[in-house]
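File shown: work15.txt (compact mmCIF, C-alpha atoms and all ligand atoms).
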```
# COMPACT_ATOMS: atom_id res chain seq x y z
CA MET A 1 -177.23 160.11 -102.89
CA ALA A 2 -177.35 159.67 -106.63
CA THR A 3 -180.89 158.32 -106.81
CA VAL A 4 -181.82 159.60 -110.23
CA GLU A 5 -184.87 157.65 -111.38
CA PHE A 6 -185.34 156.35 -114.89
CA ALA A 7 -187.89 154.22 -116.68
CA PRO A 8 -186.23 151.55 -118.84
CA ASN A 9 -188.28 150.06 -121.63
CA GLN A 10 -187.06 146.51 -121.59
CA ALA A 11 -189.09 144.13 -119.46
CA ALA A 12 -185.94 142.29 -118.40
CA THR A 13 -184.48 145.37 -116.78
CA GLU A 14 -187.53 145.95 -114.62
CA ALA A 15 -186.85 142.75 -112.74
CA ILE A 16 -183.90 144.13 -110.82
CA THR A 17 -182.80 147.33 -109.10
CA ALA A 18 -179.17 147.00 -108.18
CA HIS A 19 -177.73 149.22 -105.47
CA VAL A 20 -174.06 150.13 -105.43
CA LEU A 21 -173.01 150.84 -101.84
CA TRP A 22 -169.67 152.58 -102.27
CA MET A 23 -167.83 152.96 -98.96
CA THR A 24 -165.12 155.61 -99.03
CA ILE A 25 -164.28 155.24 -95.37
CA GLY A 26 -161.14 153.16 -95.70
CA LEU A 27 -157.71 154.66 -95.16
CA SER A 28 -157.93 156.61 -98.38
CA CYS A 29 -157.79 159.93 -100.15
CA GLU A 30 -161.08 159.27 -102.00
CA GLY A 31 -159.18 159.67 -105.25
CA ASP A 32 -161.00 156.71 -106.79
CA SER A 33 -164.44 158.25 -106.26
CA VAL A 34 -163.21 161.52 -107.71
CA ALA A 35 -161.61 159.70 -110.66
CA MET A 36 -164.85 157.78 -111.25
CA THR A 37 -166.70 161.05 -111.89
CA SER A 38 -164.58 161.50 -115.03
CA ALA A 39 -165.43 158.11 -116.55
CA THR A 40 -166.74 158.24 -120.10
CA ASN A 41 -167.09 154.62 -121.18
CA PRO A 42 -169.55 154.23 -119.56
CA SER A 43 -169.94 157.47 -117.68
CA LEU A 44 -171.44 157.75 -114.25
CA GLU A 45 -174.29 159.71 -115.82
CA ASP A 46 -174.92 156.78 -118.21
CA ILE A 47 -175.22 154.46 -115.23
CA ILE A 48 -177.44 156.48 -112.91
CA THR A 49 -179.78 157.66 -115.67
CA GLY A 50 -180.03 154.20 -117.24
CA ALA A 51 -178.83 155.42 -120.61
CA ILE A 52 -177.35 152.08 -121.66
CA PRO A 53 -179.87 149.96 -123.58
CA GLY A 54 -181.05 146.92 -121.65
CA MET A 55 -179.33 147.80 -118.42
CA PRO A 56 -180.98 147.10 -115.07
CA LYS A 57 -181.84 150.04 -112.84
CA VAL A 58 -178.85 151.12 -110.75
CA VAL A 59 -178.75 153.35 -107.67
CA VAL A 60 -175.30 154.54 -106.63
CA HIS A 61 -174.70 155.50 -102.98
CA ASN A 62 -171.42 157.37 -102.66
CA GLN A 63 -170.66 160.34 -100.45
CA VAL A 64 -168.89 162.21 -103.23
CA LEU A 65 -172.23 162.21 -105.09
CA ALA A 66 -174.55 162.60 -102.11
CA TYR A 67 -176.56 165.61 -101.06
CA GLU A 68 -177.70 163.94 -97.84
CA VAL A 69 -175.63 164.10 -94.67
CA GLY A 70 -175.62 162.35 -91.31
CA ASP A 71 -178.33 159.75 -90.67
CA ASP A 72 -180.00 160.51 -93.99
CA TYR A 73 -176.82 159.52 -95.79
CA THR A 74 -176.06 156.41 -93.76
CA LYS A 75 -179.66 155.11 -94.00
CA ALA A 76 -178.73 153.01 -97.04
CA TRP A 77 -176.09 151.10 -95.08
CA TYR A 78 -178.56 150.21 -92.32
CA ASP A 79 -181.18 149.29 -94.94
CA ALA A 80 -178.69 146.98 -96.64
CA GLU A 81 -177.87 145.39 -93.31
CA LYS A 82 -181.59 144.75 -92.71
CA GLY A 83 -181.85 143.10 -96.12
CA GLU A 84 -183.96 145.90 -97.59
CA LEU A 85 -181.54 146.65 -100.44
CA ASP A 86 -181.20 143.53 -102.48
CA PRO A 87 -179.20 142.93 -104.54
CA PHE A 88 -176.37 145.30 -103.73
CA VAL A 89 -172.75 145.50 -104.75
CA LEU A 90 -170.48 146.55 -101.89
CA VAL A 91 -167.65 148.73 -103.18
CA ILE A 92 -164.80 149.49 -100.81
CA GLU A 93 -162.34 152.32 -101.37
CA GLY A 94 -159.29 152.70 -99.16
CA SER A 95 -157.40 150.14 -97.15
CA ILE A 96 -158.78 148.50 -94.05
CA GLY A 97 -157.02 149.45 -90.83
CA ASN A 98 -156.56 146.73 -88.25
CA GLU A 99 -158.92 147.82 -85.46
CA LYS A 100 -157.33 145.25 -83.14
CA ILE A 101 -154.32 147.59 -82.85
CA ASN A 102 -156.15 150.93 -82.69
CA GLY A 103 -155.12 151.80 -79.15
CA ASP A 104 -157.82 153.83 -77.43
CA GLY A 105 -159.49 155.13 -80.59
CA TYR A 106 -160.39 153.76 -83.99
CA TRP A 107 -158.88 154.07 -87.45
CA THR A 108 -161.87 154.78 -89.71
CA GLY A 109 -165.63 154.51 -89.57
CA ILE A 110 -168.99 156.02 -90.48
CA GLY A 111 -172.26 156.28 -88.58
CA TYR A 112 -172.72 155.10 -85.02
CA ASP A 113 -174.19 152.13 -83.27
CA HIS A 114 -177.65 153.14 -82.04
CA LEU A 115 -177.31 150.94 -78.96
CA THR A 116 -173.85 151.92 -77.78
CA ASN A 117 -173.52 155.35 -79.43
CA GLN A 118 -170.07 154.26 -80.57
CA PRO A 119 -168.76 154.82 -84.12
CA ILE A 120 -169.09 151.90 -86.51
CA THR A 121 -165.67 151.13 -87.95
CA LEU A 122 -165.02 150.03 -91.50
CA ASN A 123 -164.10 146.60 -90.14
CA GLU A 124 -167.52 146.31 -88.55
CA TRP A 125 -169.35 147.54 -91.65
CA VAL A 126 -167.52 144.97 -93.76
CA ASP A 127 -168.44 142.27 -91.23
CA ARG A 128 -172.09 143.37 -91.26
CA LEU A 129 -172.55 143.90 -95.01
CA SER A 130 -170.26 141.44 -96.80
CA PRO A 131 -172.45 138.37 -96.00
CA LYS A 132 -175.43 140.14 -97.58
CA ALA A 133 -173.67 141.60 -100.63
CA ALA A 134 -174.22 140.02 -104.03
CA ALA A 135 -170.67 141.06 -104.91
CA VAL A 136 -167.78 142.86 -103.22
CA VAL A 137 -165.51 145.11 -105.26
CA ALA A 138 -162.27 146.69 -104.06
CA VAL A 139 -161.40 149.86 -105.99
CA GLY A 140 -157.97 151.44 -105.91
CA THR A 141 -154.74 149.85 -104.76
CA CYS A 142 -155.38 150.78 -101.11
CA ALA A 143 -158.50 148.61 -101.07
CA THR A 144 -157.11 145.85 -103.26
CA TYR A 145 -153.68 145.26 -101.73
CA GLY A 146 -153.18 147.87 -98.99
CA GLY A 147 -151.41 150.45 -101.18
CA ILE A 148 -149.72 153.48 -99.69
CA PRO A 149 -151.31 153.23 -96.20
CA ALA A 150 -149.91 149.68 -95.94
CA MET A 151 -146.31 150.67 -96.63
CA LYS A 152 -143.67 149.04 -94.48
CA ASN A 153 -143.68 150.28 -90.86
CA ASN A 154 -147.17 151.79 -91.07
CA PRO A 155 -148.79 151.86 -87.62
CA THR A 156 -152.34 150.98 -88.74
CA GLY A 157 -151.89 147.39 -89.93
CA ALA A 158 -153.57 148.54 -93.16
CA MET A 159 -154.58 145.80 -95.55
CA GLY A 160 -156.64 145.11 -98.65
CA VAL A 161 -160.18 143.71 -98.68
CA ARG A 162 -159.00 140.21 -99.67
CA ASP A 163 -156.45 140.30 -96.85
CA TYR A 164 -159.30 141.09 -94.45
CA LEU A 165 -162.04 138.75 -95.71
CA GLY A 166 -159.73 136.05 -97.05
CA TRP A 167 -158.37 135.48 -100.55
CA ASN A 168 -160.81 132.64 -101.21
CA TRP A 169 -163.86 134.50 -99.86
CA LYS A 170 -166.93 134.47 -102.09
CA SER A 171 -170.16 136.43 -101.91
CA LYS A 172 -173.54 134.79 -101.36
CA ALA A 173 -173.88 134.83 -105.17
CA GLY A 174 -170.62 132.86 -105.40
CA ILE A 175 -168.54 135.76 -106.74
CA PRO A 176 -164.94 136.25 -105.53
CA ILE A 177 -163.86 139.76 -104.51
CA VAL A 178 -163.21 141.75 -107.67
CA ASN A 179 -160.04 143.85 -107.47
CA ILE A 180 -159.74 146.99 -109.59
CA PRO A 181 -156.34 148.37 -108.60
CA GLY A 182 -154.73 151.69 -109.54
CA CYS A 183 -153.85 154.81 -107.61
CA PRO A 184 -156.42 155.90 -108.45
CA ALA A 185 -158.11 153.17 -110.47
CA GLN A 186 -158.67 154.14 -114.10
CA PRO A 187 -162.18 155.68 -114.24
CA ASP A 188 -163.61 153.53 -117.06
CA ASN A 189 -162.18 150.37 -115.47
CA MET A 190 -164.39 151.08 -112.45
CA THR A 191 -167.61 151.95 -114.26
CA GLU A 192 -167.21 149.22 -116.86
CA MET A 193 -166.64 146.53 -114.24
CA LEU A 194 -169.55 147.78 -112.12
CA MET A 195 -171.83 147.57 -115.14
CA HIS A 196 -170.45 144.13 -115.98
CA LEU A 197 -171.31 142.91 -112.49
CA VAL A 198 -174.79 144.46 -112.58
CA PHE A 199 -175.51 142.75 -115.91
CA ALA A 200 -174.10 139.50 -114.49
CA LEU A 201 -176.36 139.75 -111.42
CA ALA A 202 -179.33 140.23 -113.75
CA GLY A 203 -178.34 137.05 -115.58
CA MET A 204 -177.50 139.02 -118.71
CA ALA A 205 -173.70 138.53 -118.81
CA PRO A 206 -171.13 135.97 -117.63
CA LEU A 207 -169.10 136.70 -114.53
CA PRO A 208 -165.81 138.47 -115.19
CA GLU A 209 -162.77 136.22 -115.35
CA LEU A 210 -160.28 137.12 -112.62
CA ASP A 211 -156.52 136.47 -112.46
CA GLU A 212 -154.70 135.12 -109.41
CA ALA A 213 -154.49 138.64 -107.93
CA GLY A 214 -158.28 139.09 -108.24
CA ARG A 215 -158.09 141.46 -111.22
CA PRO A 216 -160.39 141.18 -114.26
CA VAL A 217 -158.33 139.60 -117.03
CA SER A 218 -160.11 141.74 -119.62
CA LEU A 219 -158.64 144.86 -117.99
CA PHE A 220 -155.32 143.67 -116.57
CA GLY A 221 -154.20 140.97 -118.99
CA ARG A 222 -151.50 143.09 -120.63
CA THR A 223 -148.56 145.06 -119.33
CA ALA A 224 -148.36 148.84 -119.55
CA HIS A 225 -145.32 148.32 -121.79
CA GLU A 226 -147.23 146.13 -124.25
CA SER A 227 -149.68 148.98 -124.86
CA CYS A 228 -147.36 151.98 -124.50
CA ASN A 229 -147.02 154.23 -127.51
CA ARG A 230 -143.24 154.44 -126.81
CA ALA A 231 -142.70 150.66 -126.93
CA ALA A 232 -141.12 150.71 -130.41
CA PHE A 233 -138.43 153.09 -129.11
CA TYR A 234 -137.52 150.59 -126.41
CA GLU A 235 -137.18 147.94 -129.09
CA GLU A 236 -134.90 150.22 -131.12
CA GLY A 237 -132.80 151.17 -128.10
CA ASP A 238 -133.83 154.84 -128.16
CA PHE A 239 -134.06 155.98 -124.53
CA ALA A 240 -134.77 159.35 -122.94
CA THR A 241 -132.11 160.56 -120.51
CA GLU A 242 -134.06 163.52 -119.18
CA TYR A 243 -137.69 164.45 -118.64
CA GLY A 244 -139.51 166.25 -121.40
CA SER A 245 -138.68 163.85 -124.21
CA ASP A 246 -141.59 163.84 -126.62
CA HIS A 247 -141.26 160.27 -127.82
CA ARG A 248 -138.39 158.19 -126.42
CA CYS A 249 -138.80 155.30 -124.00
CA LEU A 250 -138.60 156.30 -120.32
CA VAL A 251 -137.17 153.09 -118.86
CA LYS A 252 -133.86 154.73 -117.94
CA LEU A 253 -135.77 157.36 -115.97
CA GLY A 254 -137.38 154.66 -113.83
CA CYS A 255 -140.40 153.50 -115.86
CA LYS A 256 -141.56 150.09 -114.57
CA GLY A 257 -144.04 149.52 -117.42
CA PRO A 258 -142.48 146.27 -118.74
CA VAL A 259 -143.44 144.38 -115.56
CA VAL A 260 -146.69 146.13 -114.65
CA LYS A 261 -150.18 144.88 -115.48
CA CYS A 262 -152.13 147.97 -116.45
CA ASN A 263 -154.29 149.07 -119.37
CA VAL A 264 -153.92 152.82 -118.84
CA PRO A 265 -151.53 153.38 -121.78
CA LEU A 266 -154.06 151.52 -123.94
CA ARG A 267 -157.22 153.06 -122.56
CA GLY A 268 -155.94 156.53 -121.73
CA TRP A 269 -157.22 158.38 -118.71
CA GLN A 270 -160.22 160.33 -119.90
CA SER A 271 -161.94 159.90 -123.28
CA GLY A 272 -158.89 157.97 -124.48
CA MET A 273 -156.50 160.85 -123.72
CA GLY A 274 -153.44 160.64 -121.45
CA GLY A 275 -152.04 157.46 -119.94
CA CYS A 276 -148.83 157.88 -117.87
CA PRO A 277 -145.91 156.86 -120.17
CA ASN A 278 -147.84 157.87 -123.30
CA VAL A 279 -147.64 161.46 -122.12
CA GLY A 280 -144.17 161.44 -120.57
CA GLY A 281 -144.70 160.18 -117.01
CA ILE A 282 -142.89 157.06 -115.81
CA CYS A 283 -145.03 154.11 -114.78
CA MET A 284 -144.70 153.74 -111.01
CA ALA A 285 -146.52 150.39 -110.90
CA CYS A 286 -149.51 151.73 -108.99
CA THR A 287 -151.74 148.79 -110.00
CA MET A 288 -149.44 146.11 -108.60
CA PRO A 289 -149.77 144.19 -105.32
CA GLY A 290 -146.15 145.12 -104.46
CA PHE A 291 -146.81 148.88 -104.83
CA PRO A 292 -145.25 151.01 -103.47
CA ASP A 293 -142.51 149.27 -101.46
CA LYS A 294 -141.21 146.95 -104.18
CA TYR A 295 -140.87 149.72 -106.77
CA MET A 296 -139.09 152.39 -104.78
CA PRO A 297 -137.22 154.62 -105.37
CA PHE A 298 -139.63 155.27 -108.23
CA MET A 299 -137.20 157.27 -110.33
CA ASP A 300 -134.33 154.76 -110.16
CA GLU A 301 -133.79 152.51 -113.14
CA ASP A 302 -134.96 148.96 -112.47
CA PRO A 303 -131.98 146.49 -112.60
CA ASN A 304 -133.79 144.12 -114.99
CA GLY A 305 -134.92 147.05 -117.12
CA LYS A 306 -131.34 148.27 -117.19
CA LEU A 307 -130.07 144.92 -118.44
CA SER A 308 -132.64 144.51 -121.20
CA SER A 309 -132.55 148.16 -122.28
CA ASN A 310 -128.73 148.08 -122.50
CA LEU A 311 -129.04 144.94 -124.60
CA ALA A 312 -131.42 146.75 -126.93
CA LYS A 313 -129.30 149.90 -126.95
CA PHE A 314 -125.94 148.31 -127.68
CA THR A 315 -126.85 145.32 -129.84
CA TYR A 316 -129.94 144.81 -131.97
CA GLY A 317 -131.76 148.14 -131.33
CA PRO A 318 -129.58 150.38 -133.55
CA LEU A 319 -129.48 147.62 -136.19
CA LEU A 320 -133.28 147.44 -136.22
CA ARG A 321 -133.57 151.21 -136.49
CA TRP A 322 -130.96 151.37 -139.28
CA GLY A 323 -132.59 148.52 -141.21
CA ARG A 324 -136.03 150.07 -140.98
CA ASN A 325 -134.74 153.50 -142.03
CA GLN A 326 -132.97 151.93 -145.01
CA SER A 327 -136.15 150.10 -146.04
CA MET A 328 -138.13 153.30 -145.85
CA LYS A 329 -135.50 155.34 -147.66
CA ARG A 330 -134.96 152.90 -150.49
CA LYS A 331 -138.40 151.45 -150.95
CA PHE A 332 -141.42 152.18 -148.82
CA ASP A 333 -141.12 155.98 -148.55
CA LYS A 334 -141.23 156.38 -152.35
CA GLU A 335 -144.03 156.18 -154.85
CA PRO A 336 -144.06 153.06 -157.05
CA MET A 337 -142.16 153.49 -160.34
CA TRP A 338 -145.37 153.51 -162.40
CA ARG A 339 -146.44 156.64 -160.56
CA HIS A 340 -143.22 158.63 -160.99
CA ASN A 341 -143.19 162.33 -160.40
CA ARG A 342 -142.49 163.60 -163.96
CA PRO A 343 -142.87 167.00 -165.62
CA GLU A 344 -145.49 165.54 -167.94
CA LEU A 345 -148.77 164.30 -166.59
CA THR A 346 -148.44 160.52 -166.58
CA THR A 347 -149.03 157.59 -164.34
CA GLY A 348 -146.97 155.25 -166.47
CA TYR A 349 -150.06 153.37 -167.52
CA GLN A 350 -149.49 151.60 -170.83
CA LYS A 351 -152.55 150.94 -172.93
CA ARG A 352 -152.51 147.27 -173.80
CA TRP A 353 -155.22 147.10 -176.44
FE1 LIG B 1 -156.22 157.41 -102.87
FE2 LIG B 1 -154.62 155.90 -104.39
FE3 LIG B 1 -155.61 154.90 -102.16
FE4 LIG B 1 -157.23 155.32 -104.22
S1 LIG B 1 -155.55 153.86 -104.18
S2 LIG B 1 -157.64 155.85 -102.08
S3 LIG B 1 -156.32 157.16 -105.12
S4 LIG B 1 -154.17 156.65 -102.29
FE1 LIG B 2 -142.23 150.51 -121.74
FE2 LIG B 2 -142.15 152.56 -120.05
FE3 LIG B 2 -140.69 152.60 -122.25
FE4 LIG B 2 -143.35 152.80 -122.39
S1 LIG B 2 -141.95 154.30 -121.49
S2 LIG B 2 -142.02 151.58 -123.71
S3 LIG B 2 -143.95 151.45 -120.72
S4 LIG B 2 -140.47 151.16 -120.54
FE1 LIG B 3 -150.20 153.25 -112.57
FE2 LIG B 3 -148.26 152.66 -114.33
FE3 LIG B 3 -150.80 152.23 -114.95
FE4 LIG B 3 -149.86 154.73 -114.76
S1 LIG B 3 -149.26 153.18 -116.27
S2 LIG B 3 -151.82 153.95 -113.96
S3 LIG B 3 -148.39 154.52 -113.04
S4 LIG B 3 -149.64 151.22 -113.30
```
Reformat the file's structure so that it appears as structure tokens.
Ligand code: SF4
Ligand code: SF4
Ligand code: SF4
Amino acid sequence: MATVEFAPNQAATEAITAHVLWMTIGLSCEGDSVAMTSATNPSLEDIITGAIPGMPKVVVHNQVLAYEVGDDYTKAWYDAEKGELDPFVLVIEGSIGNEKINGDGYWTGIGYDHLTNQPITLNEWVDRLSPKAAAVVAVGTCATYGGIPAMKNNPTGAMGVRDYLGWNWKSKAGIPIVNIPGCPAQPDNMTEMLMHLVFALAGMAPLPELDEAGRPVSLFGRTAHESCNRAAFYEEGDFATEYGSDHRCLVKLGCKGPVVKCNVPLRGWQSGMGGCPNVGGICMACTMPGFPDKYMPFMDEDPNGKLSSNLAKFTYGPLLRWGRNQSMKRKFDKEPMWRHNRPELTTGYQKRW
């Protein structure tokens, strides 16, 4: 477990040690935990070493970071259940299988019940820990809305955390489930929101504002398209027709960015670099509740995107591009007349006295 100790200076931070119990035992690929290790703003190292001024002490329990195995690793979950870790933020990664339709086995779990010797399923852990958690966070689209494991005709009954606990569920601290979707979730979105919640629990920050899908508005208030560095090419009707284009808009190759709430083109992936359409990959809408079923086939042009892009391409787009080029050519791409490029050294300045 990442239990790196630190000694913060501020008296306020000594009042609270927040535990982050990060369960990776949903129907998942653990891509969100792996992505989280590449966060830079703040980084995981910033969080577990207490490098951020004024921050409360944080202990992160996550099996990707843990050295312990078996009972040593699961001890934290039992401690939390007994009320010995308080406050704690319960983070769930991966979708929740419906254990009522598990046949003779079980879908996912960790640890075992010491009385029955039976595995403890994710459903049971959520039942045991959610009433004691100060906040519950779902990371990745599997945990938020079901994601890939919940695709049509899946046999597991996979669902998101809000589907399991209820969309109006609130923690004992009165906090609704915070959804941080993405497949995986953008690394800094996860660490930033965890820090926000820890500061909020310490009474040092307001609670994050959430939209109707449970997402923080500060992170998911804009569409991918509104932040994409190719957006001006859409406006000018300049569209790529094959992969490998270094600048044109990708909507005709299937990009769904205009209708997808995601800050990845704005924030990049790591240290501000990357970000799906920015670097030539179509947006497949991985942050959206309807992902993946409503956006497939991913590489087909969306009918609404086709309509609006054809409008841009065949009407105002070329006019905009022509007008802007003319403005640049005639006026803005030239030096002002009083700074003409002449053989003699002159700036055209006329002495007036
Ligand atoms: Fe893996 Fe994506 Fe599911 Fe996260 S949301 S667990 S990255 S499949
Ligand atoms: Fe919008 Fe996608 Fe085009 Fe970017 S590549 S401008 S997100 S449609
Ligand atoms: Fe997912 Fe699209 Fe955001 Fe990329 S830009 S992370 S594909 S929603």
For the contact check between segment 186-284 of chain A and segment 37-44 of chain A, emit one row per residue of segment 186-284 of chain A within 12 Å, containing the shortest atom pair and the distance in Å rounded to one decimal, counting all atoms listed in the file, chain then rising number order, as a Markdown table.
```
| residue | atom | partner | partner_atom | distance |
| --- | --- | --- | --- | --- |
| A:Gln186 | CA | A:Ala39 | CA | 8.2 |
| A:Pro187 | CA | A:Ala39 | CA | 4.7 |
| A:Asp188 | CA | A:Ala39 | CA | 5.0 |
| A:Asn189 | CA | A:Ala39 | CA | 8.5 |
| A:Met190 | CA | A:Ala39 | CA | 8.2 |
| A:Thr191 | CA | A:Pro42 | CA | 6.1 |
| A:Glu192 | CA | A:Pro42 | CA | 6.2 |
| A:Met193 | CA | A:Pro42 | CA | 9.8 |
| A:Leu194 | CA | A:Pro42 | CA | 9.8 |
| A:Met195 | CA | A:Pro42 | CA | 8.3 |
| A:His196 | CA | A:Pro42 | CA | 10.8 |
| A:Arg267 | CA | A:Asn41 | CA | 10.1 |
| A:Gly268 | CA | A:Ala39 | CA | 10.9 |
| A:Trp269 | CA | A:Ala39 | CA | 8.5 |
| A:Gln270 | CA | A:Ala39 | CA | 6.6 |
| A:Ser271 | CA | A:Thr40 | CA | 6.0 |
| A:Gly272 | CA | A:Thr40 | CA | 9.0 |
| A:Met273 | CA | A:Thr40 | CA | 11.2 |
```
>> Around ligand LIG 3 (chain B), which protein and nucleic acid residues have at least one atom no more than 7 Å from it, if we count only C-alpha atoms and all ligand atoms? List them as a list in words.
In response: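 Counting only what the definition allows, namely only C-alpha atoms and all ligand atoms, the set is Gly182, Cys183, Gln186, Ala224, Gly257, Val260, Lys261, Cys262, Asn263, Val264, Pro265, Gly275, Cys276, Pro277, Ile282, Cys283, Met284, Ala285, Cys286, Thr287 and Met288 of chain A.
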>> Env of segment 99-115 of chain A: 9 Å cut, atoms = all atoms listed in the file, seq-sep filter 4 positions within chain, self excluded. Answer as a list of chain:residue names.
In response: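 Non-adjacent residues within range: A:Ile25, A:Gly26, A:Leu27, A:Gly70, A:Asp71, A:Thr74, A:Pro119, A:Ile120, A:Thr121, A:Leu122, A:Asn123, A:Glu124, A:Trp125, A:Pro155, A:Thr156, A:Gly157.
In this model, the gap between atom CA of Arg339 of chain A and atom CA of Arg324 of chain A comes to 23.1 Å.
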Using 7 Å as the limit and counting only C-alpha atoms and all ligand atoms, can you tabulate each residue of chain A that touches ligand LIG 2 (chain B), with its shortest atom-to-atom distance in Å and the two atoms involved, as a Markdown table?
```
| residue | atom | partner | partner_atom | distance |
| --- | --- | --- | --- | --- |
| A:Ala224 | CA | B:LIG2 | S3 | 5.3 |
| A:His225 | CA | B:LIG2 | S3 | 3.6 |
| A:Cys228 | CA | B:LIG2 | FE4 | 4.6 |
| A:Asn229 | CA | B:LIG2 | FE4 | 6.5 |
| A:Arg230 | CA | B:LIG2 | S2 | 4.4 |
| A:Ala231 | CA | B:LIG2 | S2 | 3.4 |
| A:Ala232 | CA | B:LIG2 | S2 | 6.8 |
| A:Phe233 | CA | B:LIG2 | S2 | 6.7 |
| A:Tyr234 | CA | B:LIG2 | S2 | 5.3 |
| A:Cys249 | CA | B:LIG2 | FE3 | 3.7 |
| A:Leu250 | CA | B:LIG2 | S1 | 4.1 |
| A:Val251 | CA | B:LIG2 | S4 | 4.2 |
| A:Cys255 | CA | B:LIG2 | FE2 | 4.6 |
| A:Lys256 | CA | B:LIG2 | FE2 | 6.0 |
| A:Gly257 | CA | B:LIG2 | S3 | 3.8 |
| A:Pro258 | CA | B:LIG2 | FE1 | 5.2 |
| A:Pro277 | CA | B:LIG2 | S1 | 4.9 |
| A:Asn278 | CA | B:LIG2 | FE4 | 6.8 |
| A:Ile282 | CA | B:LIG2 | FE2 | 6.2 |
| A:Cys283 | CA | B:LIG2 | FE2 | 6.2 |
```
> Please, what distance in Å, to one decimal, runs between atom CA of Pro318 of chain A and atom CA of Gly305 of chain A?
Replying inline: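 Interatomic distance, atom CA of Pro318 of chain A to atom CA of Gly305 of chain A: 17.6 Å.
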> With only C-alpha atoms as the atoms that count, which of A:Glu212, A:Glu93, A:Asp300, A:Asp333 lies nearest to Met36 of chain A?
Replying inline: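 Between A:Glu212, A:Glu93, A:Asp300, A:Asp333, the residue approaching Met36 of chain A most closely is A:Glu93.
Residues surrounding Phe199 of chain A within 7 Å are Met55, Met204 and Ala205 of chain A [only C-alpha atoms; sequence separation below 5 positions excluded].
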Store the residues picked out above, limited to C-alpha atoms, as a tab-separated table (two decimals), keeping the file's coordinate frame.
```
chain	number	residue	atom	x	y	z
A	55	MET	CA	-179.33	147.80	-118.42
A	204	MET	CA	-177.50	139.02	-118.71
A	205	ALA	CA	-173.70	138.53	-118.81
```
> Quick one: residues within 9 Å of Ile148 of chain A, all atoms listed in the file counted, chain neighbours fewer than 4 positions away excluded, as a list in words?
Replying inline: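 Listing them by chain and then by number gives Ser28, Ser95, Thr141, Cys142, Phe291, Pro292 and Asp293 of chain A.
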> Mind pulling up the distance from atom S3 of ligand LIG 1 (chain B) to atom CA of Ala173 of chain A?
Replying inline: 28.4 Å
> Which protein, DNA or RNA residues are at most 9 Å from (-158.9, 158.7, -103.8) in the file's coordinates when you count only C-alpha atoms, listed as a PyMOL selection string?
Replying inline: chain A and resi 24+28-35+93-94+140+183-185
Output file for the residues above (C-alpha atoms, as a compact mmCIF listing (two decimals), in the coordinates of the input):
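selection15.txt, written as the output of this step:
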```txt
# COMPACT_ATOMS: atom_id res chain seq x y z
CA THR A 24 -165.12 155.61 -99.03
CA SER A 28 -157.93 156.61 -98.38
CA CYS A 29 -157.79 159.93 -100.15
CA GLU A 30 -161.08 159.27 -102.00
CA GLY A 31 -159.18 159.67 -105.25
CA ASP A 32 -161.00 156.71 -106.79
CA SER A 33 -164.44 158.25 -106.26
CA VAL A 34 -163.21 161.52 -107.71
CA ALA A 35 -161.61 159.70 -110.66
CA GLU A 93 -162.34 152.32 -101.37
CA GLY A 94 -159.29 152.70 -99.16
CA GLY A 140 -157.97 151.44 -105.91
CA CYS A 183 -153.85 154.81 -107.61
CA PRO A 184 -156.42 155.90 -108.45
CA ALA A 185 -158.11 153.17 -110.47
```
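Using all atoms listed in the file, the nearest neighbour of ligand LIG 1 (chain B) within the list A:Pro181, A:Met337, A:Asn98, A:Leu320 is A:Pro181.
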> So which residues touch segment 308-311 of chain A within 10 Å, counting all atoms listed in the file, skipping near sequence neighbours fewer than 2 positions away, as a list in words?
Replying inline: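 Counting all atoms listed in the file, the residues come to Tyr234, Glu235, Glu236, Gly237, Asp238, Phe239, Cys249, Val251, Lys252, Pro303, Asn304, Gly305, Lys306, Lys313, Phe314, Thr315, Tyr316 and Gly317 of chain A.
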>> Could you list, as a PyMOL selection string, every residue within 12 Å of Ala135 of chain A, counting all atoms listed in the file and ignoring same-chain residues fewer than 5 positions away?
In response: chain A and resi 18-22+86-92+129-130+169-179+193-194+196-198+200-201+207-208
> Looking at all atoms listed in the file, which of A:Gly323, A:Thr144, A:Glu335, A:Leu253 is the one that sits closest to ligand LIG 1 (chain B)?
Replying inline: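 Residue with the minimum atom-to-atom distance to ligand LIG 1 (chain B): A:Thr144.
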> In terms of the shortest atom-to-atom distance over only C-alpha atoms and all ligand atoms, which of A:Met23, A:Ala312, A:Leu219, A:Val136 is closest to ligand LIG 1 (chain B)?
Replying inline: A:Met23
